[in-house]
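Asks: Below is data_38.cif; it holds mmCIF, C-alpha atoms.
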data_entry
#
loop_
_atom_site.group_PDB
_atom_site.id
_atom_site.type_symbol
_atom_site.label_atom_id
_atom_site.label_comp_id
_atom_site.auth_asym_id
_atom_site.auth_seq_id
_atom_site.Cartn_x
_atom_site.Cartn_y
_atom_site.Cartn_z
ATOM 1 C CA MET J 689 11.392 -36.861 21.078
ATOM 2 C CA GLY J 690 11.973 -33.098 20.680
ATOM 3 C CA GLU J 691 9.388 -30.481 19.817
ATOM 4 C CA VAL J 692 8.469 -30.035 16.165
ATOM 5 C CA PRO J 693 9.946 -26.679 15.030
ATOM 6 C CA LYS J 694 7.270 -24.105 14.469
ATOM 7 C CA ARG J 695 7.048 -21.803 11.486
ATOM 8 C CA LEU J 696 5.979 -18.195 11.897
ATOM 9 C CA VAL J 697 5.481 -15.956 8.867
ATOM 10 C CA VAL J 698 5.119 -12.270 9.723
ATOM 11 C CA VAL J 699 3.478 -10.249 6.945
ATOM 12 C CA ARG J 700 3.128 -6.489 6.965
ATOM 13 C CA HIS J 701 0.016 -5.251 5.191
ATOM 14 C CA ALA J 702 0.438 -3.946 1.633
ATOM 15 C CA LYS J 703 0.741 -0.227 0.879
ATOM 16 C CA SER J 704 -2.309 1.646 2.179
ATOM 17 C CA SER J 705 -4.154 4.643 0.831
ATOM 18 C CA TRP J 706 -3.799 8.047 2.474
ATOM 19 C CA ASP J 707 -6.085 9.755 -0.021
ATOM 20 C CA ASP J 708 -8.900 10.571 2.385
ATOM 21 C CA PRO J 709 -7.853 11.933 5.779
ATOM 22 C CA THR J 710 -11.434 11.806 7.008
ATOM 23 C CA VAL J 711 -11.384 7.993 6.914
ATOM 24 C CA ALA J 712 -10.441 6.528 10.301
ATOM 25 C CA ASP J 713 -6.980 4.955 10.298
ATOM 26 C CA HIS J 714 -8.470 1.532 11.060
ATOM 27 C CA ASP J 715 -10.643 1.787 7.957
ATOM 28 C CA ARG J 716 -8.092 2.999 5.405
ATOM 29 C CA PRO J 717 -8.073 0.680 2.367
ATOM 30 C CA LEU J 718 -5.107 -0.458 0.306
ATOM 31 C CA ALA J 719 -3.659 1.928 -2.244
ATOM 32 C CA PRO J 720 -3.579 0.885 -5.927
ATOM 33 C CA ARG J 721 0.116 -0.005 -5.573
ATOM 34 C CA GLY J 722 -0.680 -2.099 -2.530
ATOM 35 C CA ILE J 723 -3.309 -4.027 -4.437
ATOM 36 C CA LYS J 724 -0.790 -4.542 -7.236
ATOM 37 C CA ALA J 725 1.779 -5.929 -4.786
ATOM 38 C CA LEU J 726 -0.653 -8.585 -3.546
ATOM 39 C CA ARG J 727 -0.073 -10.772 -6.587
ATOM 40 C CA ARG J 728 3.667 -10.885 -5.929
ATOM 41 C CA LEU J 729 3.058 -11.499 -2.234
ATOM 42 C CA ARG J 730 0.670 -14.326 -3.058
ATOM 43 C CA ASP J 731 3.159 -15.872 -5.499
ATOM 44 C CA HIS J 732 5.925 -15.637 -2.924
ATOM 45 C CA LEU J 733 3.881 -17.288 -0.183
ATOM 46 C CA GLU J 734 2.689 -20.006 -2.523
ATOM 47 C CA GLY J 735 6.257 -20.882 -3.446
ATOM 48 C CA SER J 736 7.849 -20.589 -0.030
ATOM 49 C CA THR J 737 5.401 -21.203 2.787
ATOM 50 C CA PRO J 738 3.836 -24.510 3.767
ATOM 51 C CA THR J 739 0.111 -24.451 4.327
ATOM 52 C CA ALA J 740 -0.731 -22.406 7.402
ATOM 53 C CA ASP J 741 -2.631 -23.948 10.308
ATOM 54 C CA LEU J 742 -3.554 -20.547 11.702
ATOM 55 C CA VAL J 743 -3.716 -17.030 10.302
ATOM 56 C CA LEU J 744 -3.818 -14.160 12.796
ATOM 57 C CA CYS J 745 -4.885 -10.932 11.122
ATOM 58 C CA SER J 746 -5.443 -7.462 12.531
ATOM 59 C CA SER J 747 -9.006 -6.237 12.096
ATOM 60 C CA SER J 748 -8.000 -3.152 10.094
ATOM 61 C CA GLN J 749 -9.251 -2.738 6.540
ATOM 62 C CA ARG J 750 -5.724 -2.791 5.046
ATOM 63 C CA THR J 751 -4.711 -6.023 6.814
ATOM 64 C CA ARG J 752 -7.986 -7.704 5.901
ATOM 65 C CA GLU J 753 -7.555 -6.663 2.263
ATOM 66 C CA THR J 754 -4.032 -8.093 2.404
ATOM 67 C CA LEU J 755 -5.475 -11.313 3.819
ATOM 68 C CA ASP J 756 -8.025 -11.436 1.009
ATOM 69 C CA GLY J 757 -5.179 -11.119 -1.493
ATOM 70 C CA ILE J 758 -3.339 -14.164 -0.165
ATOM 71 C CA ARG J 759 -6.348 -16.229 0.807
ATOM 72 C CA PRO J 760 -6.208 -18.369 -2.381
ATOM 73 C CA VAL J 761 -2.863 -19.845 -1.283
ATOM 74 C CA LEU J 762 -3.669 -20.397 2.388
ATOM 75 C CA GLY J 763 -5.206 -23.823 2.000
ATOM 76 C CA ASP J 764 -8.663 -24.967 2.997
ATOM 77 C CA ASP J 765 -7.765 -26.003 6.523
ATOM 78 C CA ALA J 766 -6.265 -22.731 7.740
ATOM 79 C CA VAL J 767 -8.128 -21.265 10.694
ATOM 80 C CA ILE J 768 -8.405 -17.500 10.224
ATOM 81 C CA GLU J 769 -8.727 -15.243 13.255
ATOM 82 C CA ILE J 770 -9.460 -11.540 12.701
ATOM 83 C CA GLU J 771 -8.415 -9.869 15.940
ATOM 84 C CA PRO J 772 -8.964 -6.188 16.854
ATOM 85 C CA ALA J 773 -6.222 -6.455 19.506
ATOM 86 C CA LEU J 774 -3.607 -6.953 16.776
ATOM 87 C CA TYR J 775 -4.337 -3.463 15.412
ATOM 88 C CA GLY J 776 -1.737 -1.212 16.984
ATOM 89 C CA ALA J 777 -0.251 -4.073 19.032
ATOM 90 C CA SER J 778 3.302 -3.657 20.283
ATOM 91 C CA ALA J 779 5.934 -6.358 19.792
ATOM 92 C CA SER J 780 5.478 -7.593 23.348
ATOM 93 C CA GLU J 781 1.708 -7.742 22.880
ATOM 94 C CA LEU J 782 2.213 -9.737 19.678
ATOM 95 C CA VAL J 783 4.527 -12.150 21.496
ATOM 96 C CA ALA J 784 1.915 -12.518 24.247
ATOM 97 C CA ARG J 785 -0.661 -13.435 21.592
ATOM 98 C CA LEU J 786 1.661 -15.946 19.937
ATOM 99 C CA ARG J 787 2.343 -17.586 23.300
ATOM 100 C CA ARG J 788 -1.367 -18.393 23.598
ATOM 101 C CA ILE J 789 -1.410 -20.475 20.399
ATOM 102 C CA ASP J 790 -2.423 -24.081 21.022
ATOM 103 C CA GLU J 791 0.445 -26.503 20.723
ATOM 104 C CA PRO J 792 -0.839 -28.670 17.876
ATOM 105 C CA VAL J 793 -0.495 -25.615 15.616
ATOM 106 C CA THR J 794 2.860 -25.668 13.822
ATOM 107 C CA SER J 795 2.532 -23.019 11.087
ATOM 108 C CA VAL J 796 1.220 -19.490 11.635
ATOM 109 C CA ILE J 797 0.893 -16.418 9.452
ATOM 110 C CA LEU J 798 0.586 -13.108 11.308
ATOM 111 C CA ILE J 799 -0.644 -10.112 9.282
ATOM 112 C CA GLY J 800 -0.011 -6.862 11.099
ATOM 113 C CA HIS J 801 1.301 -3.322 11.194
ATOM 114 C CA ASN J 802 4.421 -1.347 11.860
ATOM 115 C CA PRO J 803 5.955 -0.516 14.193
ATOM 116 C CA GLY J 804 4.782 -3.648 16.052
ATOM 117 C CA ALA J 805 5.499 -6.102 13.223
ATOM 118 C CA ALA J 806 9.010 -4.753 12.572
ATOM 119 C CA GLU J 807 9.765 -4.768 16.284
ATOM 120 C CA LEU J 808 8.455 -8.320 16.619
ATOM 121 C CA VAL J 809 10.869 -9.480 13.916
ATOM 122 C CA GLU J 810 13.749 -7.741 15.645
ATOM 123 C CA LEU J 811 12.699 -9.063 19.039
ATOM 124 C CA LEU J 812 12.548 -12.680 17.861
ATOM 125 C CA ALA J 813 15.647 -12.542 15.658
ATOM 126 C CA GLY J 814 17.736 -10.313 17.865
ATOM 127 C CA PRO J 815 19.370 -6.951 17.139
ATOM 128 C CA GLY J 816 20.751 -6.451 13.650
ATOM 129 C CA ALA J 817 18.003 -8.462 11.958
ATOM 130 C CA TRP J 818 17.298 -5.750 9.398
ATOM 131 C CA GLU J 819 20.945 -5.039 8.618
ATOM 132 C CA GLN J 820 21.469 -8.733 7.993
ATOM 133 C CA TRP J 821 18.942 -8.505 5.161
ATOM 134 C CA HIS J 822 20.195 -5.131 3.941
ATOM 135 C CA LEU J 823 17.016 -3.356 5.026
ATOM 136 C CA ASP J 824 16.530 -0.459 7.394
ATOM 137 C CA LYS J 825 12.897 -1.300 8.137
ATOM 138 C CA PHE J 826 10.067 -3.741 7.407
ATOM 139 C CA PRO J 827 8.466 -2.457 4.182
ATOM 140 C CA THR J 828 4.805 -2.827 3.269
ATOM 141 C CA ALA J 829 3.830 -6.282 1.945
ATOM 142 C CA ALA J 830 7.147 -7.674 3.195
ATOM 143 C CA VAL J 831 7.441 -11.137 4.709
ATOM 144 C CA ALA J 832 9.718 -12.382 7.484
ATOM 145 C CA THR J 833 9.871 -16.154 7.940
ATOM 146 C CA PHE J 834 10.956 -17.704 11.230
ATOM 147 C CA SER J 835 11.718 -21.173 12.443
ATOM 148 C CA LEU J 836 10.848 -21.380 16.146
ATOM 149 C CA PRO J 837 12.194 -24.255 18.210
ATOM 150 C CA GLY J 838 10.216 -25.128 21.321
ATOM 151 C CA ARG J 839 6.681 -24.457 22.405
ATOM 152 C CA TRP J 840 4.623 -21.374 21.586
ATOM 153 C CA ALA J 841 4.259 -20.739 25.300
ATOM 154 C CA ASP J 842 8.040 -20.499 25.618
ATOM 155 C CA LEU J 843 8.472 -17.885 22.897
ATOM 156 C CA GLN J 844 10.815 -15.134 23.985
ATOM 157 C CA SER J 845 13.281 -12.545 22.810
ATOM 158 C CA GLY J 846 15.908 -14.039 20.527
ATOM 159 C CA SER J 847 14.242 -17.442 20.370
ATOM 160 C CA GLY J 848 13.529 -17.376 16.633
ATOM 161 C CA VAL J 849 15.711 -18.225 13.654
ATOM 162 C CA LEU J 850 15.039 -15.682 10.916
ATOM 163 C CA GLU J 851 15.236 -17.826 7.790
ATOM 164 C CA GLY J 852 14.313 -15.221 5.222
ATOM 165 C CA VAL J 853 12.992 -11.751 4.507
ATOM 166 C CA TRP J 854 11.154 -11.065 1.263
ATOM 167 C CA THR J 855 10.000 -7.706 -0.074
ATOM 168 C CA PRO J 856 7.868 -7.015 -3.152
ATOM 169 C CA ARG J 857 10.407 -4.486 -4.403
ATOM 170 C CA ARG J 858 13.025 -7.209 -4.741
ATOM 171 C CA ALA J 859 10.629 -9.629 -6.394
ATOM 172 C CA PRO J 860 10.355 -9.985 -10.163
ATOM 173 C CA SER J 861 7.396 -7.882 -11.333
ATOM 174 C CA MET H 295 -43.979 25.041 12.129
ATOM 175 C CA ALA H 296 -42.022 28.186 12.966
ATOM 176 C CA ARG H 297 -39.649 29.493 10.332
ATOM 177 C CA THR H 298 -35.911 29.171 10.943
ATOM 178 C CA ILE H 299 -34.333 32.613 11.139
ATOM 179 C CA ALA H 300 -30.872 33.257 9.677
ATOM 180 C CA THR H 301 -28.224 34.115 12.246
ATOM 181 C CA THR H 302 -24.782 35.715 12.195
ATOM 182 C CA THR H 303 -22.333 35.545 15.083
ATOM 183 C CA SER H 304 -19.162 37.659 15.019
ATOM 184 C CA VAL H 305 -16.168 35.863 16.488
ATOM 185 C CA GLU H 306 -12.579 36.542 17.508
ATOM 186 C CA ARG H 307 -9.700 34.518 16.042
ATOM 187 C CA ASP H 308 -9.695 31.822 18.742
ATOM 188 C CA GLU H 309 -13.436 31.277 18.398
ATOM 189 C CA LEU H 310 -13.060 31.193 14.632
ATOM 190 C CA LEU H 311 -10.404 28.481 14.831
ATOM 191 C CA ASP H 312 -12.443 26.508 17.366
ATOM 192 C CA PHE H 313 -15.248 26.560 14.812
ATOM 193 C CA VAL H 314 -13.060 25.611 11.851
ATOM 194 C CA ARG H 315 -10.917 22.928 13.543
ATOM 195 C CA PRO H 316 -13.518 20.109 13.640
ATOM 196 C CA ARG H 317 -14.923 21.005 10.206
ATOM 197 C CA HIS H 318 -13.114 19.632 7.171
ATOM 198 C CA ARG H 319 -15.529 20.290 4.299
ATOM 199 C CA VAL H 320 -14.287 23.442 2.677
ATOM 200 C CA ILE H 321 -14.693 25.363 -0.569
ATOM 201 C CA LEU H 322 -11.387 26.991 -1.513
ATOM 202 C CA LEU H 323 -11.563 30.110 -3.667
ATOM 203 C CA THR H 324 -8.532 31.120 -5.701
ATOM 204 C CA THR H 325 -8.278 33.516 -8.621
ATOM 205 C CA ARG H 326 -7.915 32.394 -12.224
ATOM 206 C CA HIS H 327 -5.589 34.208 -14.634
ATOM 207 C CA ASP H 328 -8.585 36.076 -16.083
ATOM 208 C CA GLY H 329 -9.570 37.377 -12.633
ATOM 209 C CA ARG H 330 -12.571 35.124 -12.165
ATOM 210 C CA PRO H 331 -12.846 33.031 -8.996
ATOM 211 C CA GLN H 332 -12.143 29.319 -9.033
ATOM 212 C CA ALA H 333 -13.980 27.253 -6.431
ATOM 213 C CA SER H 334 -12.532 23.916 -5.319
ATOM 214 C CA PRO H 335 -14.130 21.546 -2.814
ATOM 215 C CA VAL H 336 -11.327 20.310 -0.551
ATOM 216 C CA THR H 337 -10.635 18.598 2.760
ATOM 217 C CA ALA H 338 -8.949 21.043 5.111
ATOM 218 C CA GLY H 339 -7.450 21.134 8.571
ATOM 219 C CA VAL H 340 -6.008 23.710 10.953
ATOM 220 C CA ASP H 341 -2.311 23.461 11.796
ATOM 221 C CA PRO H 342 -0.865 24.187 15.265
ATOM 222 C CA GLN H 343 -0.161 27.798 14.198
ATOM 223 C CA GLY H 344 -3.813 28.390 13.320
ATOM 224 C CA ARG H 345 -3.375 28.269 9.549
ATOM 225 C CA ILE H 346 -5.878 26.479 7.327
ATOM 226 C CA VAL H 347 -4.079 23.688 5.475
ATOM 227 C CA ILE H 348 -5.047 21.836 2.306
ATOM 228 C CA SER H 349 -3.241 19.009 0.536
ATOM 229 C CA SER H 350 -2.881 19.158 -3.245
ATOM 230 C CA TYR H 351 -0.556 18.528 -6.195
ATOM 231 C CA PRO H 352 1.749 21.019 -7.932
ATOM 232 C CA GLU H 353 -0.043 20.652 -11.255
ATOM 233 C CA ARG H 354 -3.517 21.469 -9.924
ATOM 234 C CA ALA H 355 -5.143 24.706 -11.122
ATOM 235 C CA LYS H 356 -5.755 25.910 -7.556
ATOM 236 C CA VAL H 357 -2.038 25.593 -6.824
ATOM 237 C CA THR H 358 -1.122 27.453 -9.997
ATOM 238 C CA ASN H 359 -3.651 30.141 -9.074
ATOM 239 C CA ALA H 360 -2.255 30.420 -5.540
ATOM 240 C CA ARG H 361 1.299 30.841 -6.815
ATOM 241 C CA ARG H 362 0.159 33.641 -9.138
ATOM 242 C CA ASN H 363 -2.090 35.403 -6.650
ATOM 243 C CA PRO H 364 -1.695 34.539 -2.940
ATOM 244 C CA GLN H 365 -5.051 36.034 -1.969
ATOM 245 C CA ALA H 366 -7.446 33.213 -1.197
ATOM 246 C CA SER H 367 -10.668 32.557 0.659
ATOM 247 C CA VAL H 368 -12.291 29.499 2.101
ATOM 248 C CA VAL H 369 -15.891 28.765 2.933
ATOM 249 C CA VAL H 370 -15.908 26.315 5.822
ATOM 250 C CA LEU H 371 -19.063 24.230 5.849
ATOM 251 C CA SER H 372 -20.551 21.957 8.472
ATOM 252 C CA ASP H 373 -21.073 18.249 7.877
ATOM 253 C CA GLU H 374 -24.738 19.073 7.437
ATOM 254 C CA PHE H 375 -25.072 21.263 4.357
ATOM 255 C CA ASN H 376 -27.534 23.559 6.107
ATOM 256 C CA GLY H 377 -25.382 23.836 9.238
ATOM 257 C CA PRO H 378 -23.366 26.916 10.283
ATOM 258 C CA TRP H 379 -20.578 28.135 8.028
ATOM 259 C CA VAL H 380 -17.991 30.869 7.807
ATOM 260 C CA GLN H 381 -15.930 32.587 5.109
ATOM 261 C CA VAL H 382 -12.271 33.227 5.885
ATOM 262 C CA ASP H 383 -10.023 35.437 3.740
ATOM 263 C CA GLY H 384 -6.271 35.330 3.867
ATOM 264 C CA THR H 385 -2.916 34.840 2.222
ATOM 265 C CA VAL H 386 -1.997 31.437 0.866
ATOM 266 C CA GLU H 387 1.481 29.919 0.729
ATOM 267 C CA VAL H 388 2.344 26.981 -1.524
ATOM 268 C CA LEU H 389 4.749 24.449 -0.044
ATOM 269 C CA ASP H 390 6.353 21.832 -2.272
ATOM 270 C CA LEU H 391 8.456 18.841 -1.280
ATOM 271 C CA PRO H 392 10.652 18.411 0.630
ATOM 272 C CA GLU H 393 9.605 21.496 2.613
ATOM 273 C CA ALA H 394 5.981 20.335 2.500
ATOM 274 C CA LEU H 395 6.623 16.926 4.072
ATOM 275 C CA GLU H 396 6.287 17.668 7.787
ATOM 276 C CA PRO H 397 3.497 20.223 7.220
ATOM 277 C CA LEU H 398 1.687 17.437 5.308
ATOM 278 C CA VAL H 399 2.022 15.243 8.410
ATOM 279 C CA GLU H 400 0.485 18.092 10.460
ATOM 280 C CA TYR H 401 -2.276 18.405 7.858
ATOM 281 C CA PHE H 402 -3.216 14.723 8.103
ATOM 282 C CA ARG H 403 -2.860 14.704 11.890
ATOM 283 C CA SER H 404 -5.152 17.751 12.217
ATOM 284 C CA ILE H 405 -7.937 15.848 10.471
ATOM 285 C CA SER H 406 -7.360 12.187 11.229
ATOM 286 C CA GLY H 407 -5.541 12.310 14.565
ATOM 287 C CA GLU H 408 -2.468 10.445 15.719
ATOM 288 C CA HIS H 409 -1.083 7.485 13.802
ATOM 289 C CA PRO H 410 1.577 4.925 14.771
ATOM 290 C CA ASP H 411 3.423 4.832 11.457
ATOM 291 C CA TRP H 412 3.964 8.271 9.928
ATOM 292 C CA ASP H 413 6.896 6.931 7.897
ATOM 293 C CA GLU H 414 4.464 5.132 5.608
ATOM 294 C CA TYR H 415 2.518 8.372 5.160
ATOM 295 C CA ARG H 416 5.697 10.350 4.426
ATOM 296 C CA ALA H 417 6.743 7.775 1.823
ATOM 297 C CA ALA H 418 3.316 7.993 0.162
ATOM 298 C CA MET H 419 3.453 11.805 0.050
ATOM 299 C CA VAL H 420 6.924 11.751 -1.544
ATOM 300 C CA GLU H 421 5.832 9.090 -3.999
ATOM 301 C CA GLN H 422 2.813 11.189 -5.028
ATOM 302 C CA GLY H 423 4.774 14.451 -5.136
ATOM 303 C CA LYS H 424 2.263 16.310 -2.994
ATOM 304 C CA SER H 425 2.098 20.015 -2.229
ATOM 305 C CA LEU H 426 0.444 21.878 0.616
ATOM 306 C CA LEU H 427 -1.595 25.063 0.570
ATOM 307 C CA ARG H 428 -1.425 27.009 3.836
ATOM 308 C CA ILE H 429 -3.743 29.934 4.412
ATOM 309 C CA THR H 430 -3.132 32.477 7.157
ATOM 310 C CA PRO H 431 -6.514 33.940 8.159
ATOM 311 C CA GLU H 432 -6.524 37.750 7.919
ATOM 312 C CA SER H 433 -10.221 38.551 8.020
ATOM 313 C CA TRP H 434 -13.391 36.578 8.346
ATOM 314 C CA GLY H 435 -17.099 37.014 8.314
ATOM 315 C CA PRO H 436 -19.495 36.018 11.052
ATOM 316 C CA ILE H 437 -20.366 32.397 11.676
ATOM 317 C CA ALA H 438 -23.630 32.181 9.832
ATOM 318 C CA THR H 439 -26.663 29.959 9.632
ATOM 319 C CA GLY H 440 -29.129 30.079 6.798
ATOM 320 C CA GLY H 441 -32.830 30.782 7.094
ATOM 321 C CA PHE H 442 -35.428 33.466 6.687
ATOM 322 C CA PRO H 443 -34.718 37.120 7.502
ATOM 323 C CA ALA H 444 -36.010 38.085 10.944
ATOM 324 C CA ARG H 445 -38.758 40.292 9.405
ATOM 325 C CA LEU H 446 -40.424 37.112 8.126
ATOM 326 C CA ALA H 447 -40.515 35.387 11.509
ATOM 327 C CA ASP H 448 -43.976 34.167 12.467
#
Could you render the structure as structure tokens?

Replies:
Amino acid sequence: MGEVPKRLVVVRHAKSSWDDPTVADHDRPLAPRGIKALRRLRDHLEGSTPTADLVLCSSSQRTRETLDGIRPVLGDDAVIEIEPALYGASASELVARLRRIDEPVTSVILIGHNPGAAELVELLAGPGAWEQWHLDKFPTAAVATFSLPGRWADLQSGSGVLEGVWTPRRAPS
Amino acid sequence: MARTIATTTSVERDELLDFVRPRHRVILLTTRHDGRPQASPVTAGVDPQGRIVISSYPERAKVTNARRNPQASVVVLSDEFNGPWVQVDGTVEVLDLPEALEPLVEYFRSISGEHPDWDEYRAAMVEQGKSLLRITPESWGPIATGGFPARLAD
């Protein structure tokens, strides 16, 4: 019997506030427009994503506020890991983290930052991922959904099937 | 307890900038149309060329004042209100978008440090229609600390 395909949902945090330059980057909160986008993000995830087994979230304020916005649709059984190492992680560091996921886990949501999150999507999907979806980057509060055949430990460049990219700008308001 | 005596320390430009660079609590003084001063508490940085930079919006009174009269002063305070401070006088330029965009990046970087995703910051600045005030220091007072005059020392 073959491996059960995994599902990976990569979420970039919603729009953050740059109002106070004296606040450390890690601690910058969401901007009012970012908070507004959370409802559309939540609605999208509720309608498109099966219940997550595991949520990996960067420890930054803006990713945690994004997590709080979608928490109502995550399901009661989701294990949530807030990880400082995901803040500022490169694509290869994100892949290394995903490879360490225990095999019973089949559905993961990763909430992170650019450029790492955008590069992760491109690394898993292969070059041209953004052009395929008529985007030139991974916008804030956007979602990239992957089907991943094989084991987490075997994750590598080009091993994902990018099934969809959603952005709040394209969603009905 | 001994009384604290006020001090003044004259400094050259490099010393001045070394003092200002880590301090971001600033009172900006511009001139209203009736000639009276307008004081604005702002967050300021120092750009790589040694100019004092302040982020604002084109509709703010301080920006309107600066366009009318480019003479401006800042009082740079320490994080502790009773810490050392300095007044700097100079000429202020107003930069609007798109010219202001990269100087706004320098402004934020001078206060907050490096950041991995400046594109998000640039997009936010464009969305908000920000402007930048940039003051070239021309004269400055001594770095001062408050306290009693020396004649009242115990």

Asks: Go through J:Ile758, J:Leu798, J:Leu744, J:Ala806 one by one, measure the shortest atom-to-atom distance of each to chain H using only C-alpha atoms, and give the residue with the smallest value.

Replies: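 Of all the options, J:Ala806 lies closest to chain H.
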
Asks: I'd like the neighbourhood of H:Gln365 as a ChimeraX atom specification, where a residue qualifies if any of its atoms comes within 9 Å (using only C-alpha atoms), though same-chain residues fewer than 2 positions away should be ignored.

Replies: /H:323-325,360,363,367,383-386,429

Asks: Please, which residues in chain H fall within 10 Å of chain J when counting only C-alpha atoms, and what is the closest atom pair and distance in Å to one decimal for each, ordered by chain then residue number, as JSON lines?

Replies:
{"residue": "H:His318", "atom": "CA", "partner": "J:Thr710", "partner_atom": "CA", "distance": 8.0}
{"residue": "H:Arg319", "atom": "CA", "partner": "J:Thr710", "partner_atom": "CA", "distance": 9.8}
{"residue": "H:Thr337", "atom": "CA", "partner": "J:Pro709", "partner_atom": "CA", "distance": 7.8}
{"residue": "H:Ala338", "atom": "CA", "partner": "J:Pro709", "partner_atom": "CA", "distance": 9.2}
{"residue": "H:Gly339", "atom": "CA", "partner": "J:Pro709", "partner_atom": "CA", "distance": 9.6}
{"residue": "H:Ser349", "atom": "CA", "partner": "J:Asp707", "partner_atom": "CA", "distance": 9.7}
{"residue": "H:Tyr401", "atom": "CA", "partner": "J:Pro709", "partner_atom": "CA", "distance": 8.8}
{"residue": "H:Phe402", "atom": "CA", "partner": "J:Pro709", "partner_atom": "CA", "distance": 5.9}
{"residue": "H:Arg403", "atom": "CA", "partner": "J:Pro709", "partner_atom": "CA", "distance": 8.4}
{"residue": "H:Ser404", "atom": "CA", "partner": "J:Pro709", "partner_atom": "CA", "distance": 9.1}
{"residue": "H:Ile405", "atom": "CA", "partner": "J:Pro709", "partner_atom": "CA", "distance": 6.1}
{"residue": "H:Ser406", "atom": "CA", "partner": "J:Pro709", "partner_atom": "CA", "distance": 5.5}
{"residue": "H:Gly407", "atom": "CA", "partner": "J:Asp713", "partner_atom": "CA", "distance": 8.6}
{"residue": "H:Glu408", "atom": "CA", "partner": "J:Asp713", "partner_atom": "CA", "distance": 8.9}
{"residue": "H:His409", "atom": "CA", "partner": "J:Asp713", "partner_atom": "CA", "distance": 7.3}
{"residue": "H:Pro410", "atom": "CA", "partner": "J:Pro803", "partner_atom": "CA", "distance": 7.0}
{"residue": "H:Asp411", "atom": "CA", "partner": "J:Asn802", "partner_atom": "CA", "distance": 6.3}
{"residue": "H:Trp412", "atom": "CA", "partner": "J:Asn802", "partner_atom": "CA", "distance": 9.8}
{"residue": "H:Asp413", "atom": "CA", "partner": "J:Asn802", "partner_atom": "CA", "distance": 9.5}
{"residue": "H:Glu414", "atom": "CA", "partner": "J:Lys703", "partner_atom": "CA", "distance": 8.1}
{"residue": "H:Tyr415", "atom": "CA", "partner": "J:Trp706", "partner_atom": "CA", "distance": 6.9}
{"residue": "H:Arg416", "atom": "CA", "partner": "J:Trp706", "partner_atom": "CA", "distance": 10.0}
{"residue": "H:Ala418", "atom": "CA", "partner": "J:Trp706", "partner_atom": "CA", "distance": 7.5}
{"residue": "H:Met419", "atom": "CA", "partner": "J:Trp706", "partner_atom": "CA", "distance": 8.5}

Asks: Assuming the chain letters and numbering stay as they are in my file, what does the PyMOL selection byres ((chain J and resi 840-850) around 12) actually select? List them as an mmCIF file with C-alpha atoms, in the frame of the given file.

Replies:
data_model
loop_
_atom_site.group_PDB
_atom_site.id
_atom_site.type_symbol
_atom_site.label_atom_id
_atom_site.label_comp_id
_atom_site.auth_asym_id
_atom_site.auth_seq_id
_atom_site.Cartn_x
_atom_site.Cartn_y
_atom_site.Cartn_z
ATOM 1 C CA GLU J 691 9.388 -30.481 19.817
ATOM 2 C CA VAL J 692 8.469 -30.035 16.165
ATOM 3 C CA PRO J 693 9.946 -26.679 15.030
ATOM 4 C CA LYS J 694 7.270 -24.105 14.469
ATOM 5 C CA ARG J 695 7.048 -21.803 11.486
ATOM 6 C CA LEU J 696 5.979 -18.195 11.897
ATOM 7 C CA VAL J 697 5.481 -15.956 8.867
ATOM 8 C CA VAL J 698 5.119 -12.270 9.723
ATOM 9 C CA ALA J 779 5.934 -6.358 19.792
ATOM 10 C CA SER J 780 5.478 -7.593 23.348
ATOM 11 C CA GLU J 781 1.708 -7.742 22.880
ATOM 12 C CA LEU J 782 2.213 -9.737 19.678
ATOM 13 C CA VAL J 783 4.527 -12.150 21.496
ATOM 14 C CA ALA J 784 1.915 -12.518 24.247
ATOM 15 C CA ARG J 785 -0.661 -13.435 21.592
ATOM 16 C CA LEU J 786 1.661 -15.946 19.937
ATOM 17 C CA ARG J 787 2.343 -17.586 23.300
ATOM 18 C CA ARG J 788 -1.367 -18.393 23.598
ATOM 19 C CA ILE J 789 -1.410 -20.475 20.399
ATOM 20 C CA ASP J 790 -2.423 -24.081 21.022
ATOM 21 C CA GLU J 791 0.445 -26.503 20.723
ATOM 22 C CA PRO J 792 -0.839 -28.670 17.876
ATOM 23 C CA VAL J 793 -0.495 -25.615 15.616
ATOM 24 C CA THR J 794 2.860 -25.668 13.822
ATOM 25 C CA SER J 795 2.532 -23.019 11.087
ATOM 26 C CA VAL J 796 1.220 -19.490 11.635
ATOM 27 C CA GLU J 807 9.765 -4.768 16.284
ATOM 28 C CA LEU J 808 8.455 -8.320 16.619
ATOM 29 C CA VAL J 809 10.869 -9.480 13.916
ATOM 30 C CA GLU J 810 13.749 -7.741 15.645
ATOM 31 C CA LEU J 811 12.699 -9.063 19.039
ATOM 32 C CA LEU J 812 12.548 -12.680 17.861
ATOM 33 C CA ALA J 813 15.647 -12.542 15.658
ATOM 34 C CA GLY J 814 17.736 -10.313 17.865
ATOM 35 C CA PRO J 815 19.370 -6.951 17.139
ATOM 36 C CA GLY J 816 20.751 -6.451 13.650
ATOM 37 C CA ALA J 817 18.003 -8.462 11.958
ATOM 38 C CA TRP J 818 17.298 -5.750 9.398
ATOM 39 C CA GLN J 820 21.469 -8.733 7.993
ATOM 40 C CA TRP J 821 18.942 -8.505 5.161
ATOM 41 C CA VAL J 831 7.441 -11.137 4.709
ATOM 42 C CA ALA J 832 9.718 -12.382 7.484
ATOM 43 C CA THR J 833 9.871 -16.154 7.940
ATOM 44 C CA PHE J 834 10.956 -17.704 11.230
ATOM 45 C CA SER J 835 11.718 -21.173 12.443
ATOM 46 C CA LEU J 836 10.848 -21.380 16.146
ATOM 47 C CA PRO J 837 12.194 -24.255 18.210
ATOM 48 C CA GLY J 838 10.216 -25.128 21.321
ATOM 49 C CA ARG J 839 6.681 -24.457 22.405
ATOM 50 C CA GLU J 851 15.236 -17.826 7.790
ATOM 51 C CA GLY J 852 14.313 -15.221 5.222
ATOM 52 C CA VAL J 853 12.992 -11.751 4.507
ATOM 53 C CA TRP J 854 11.154 -11.065 1.263
#
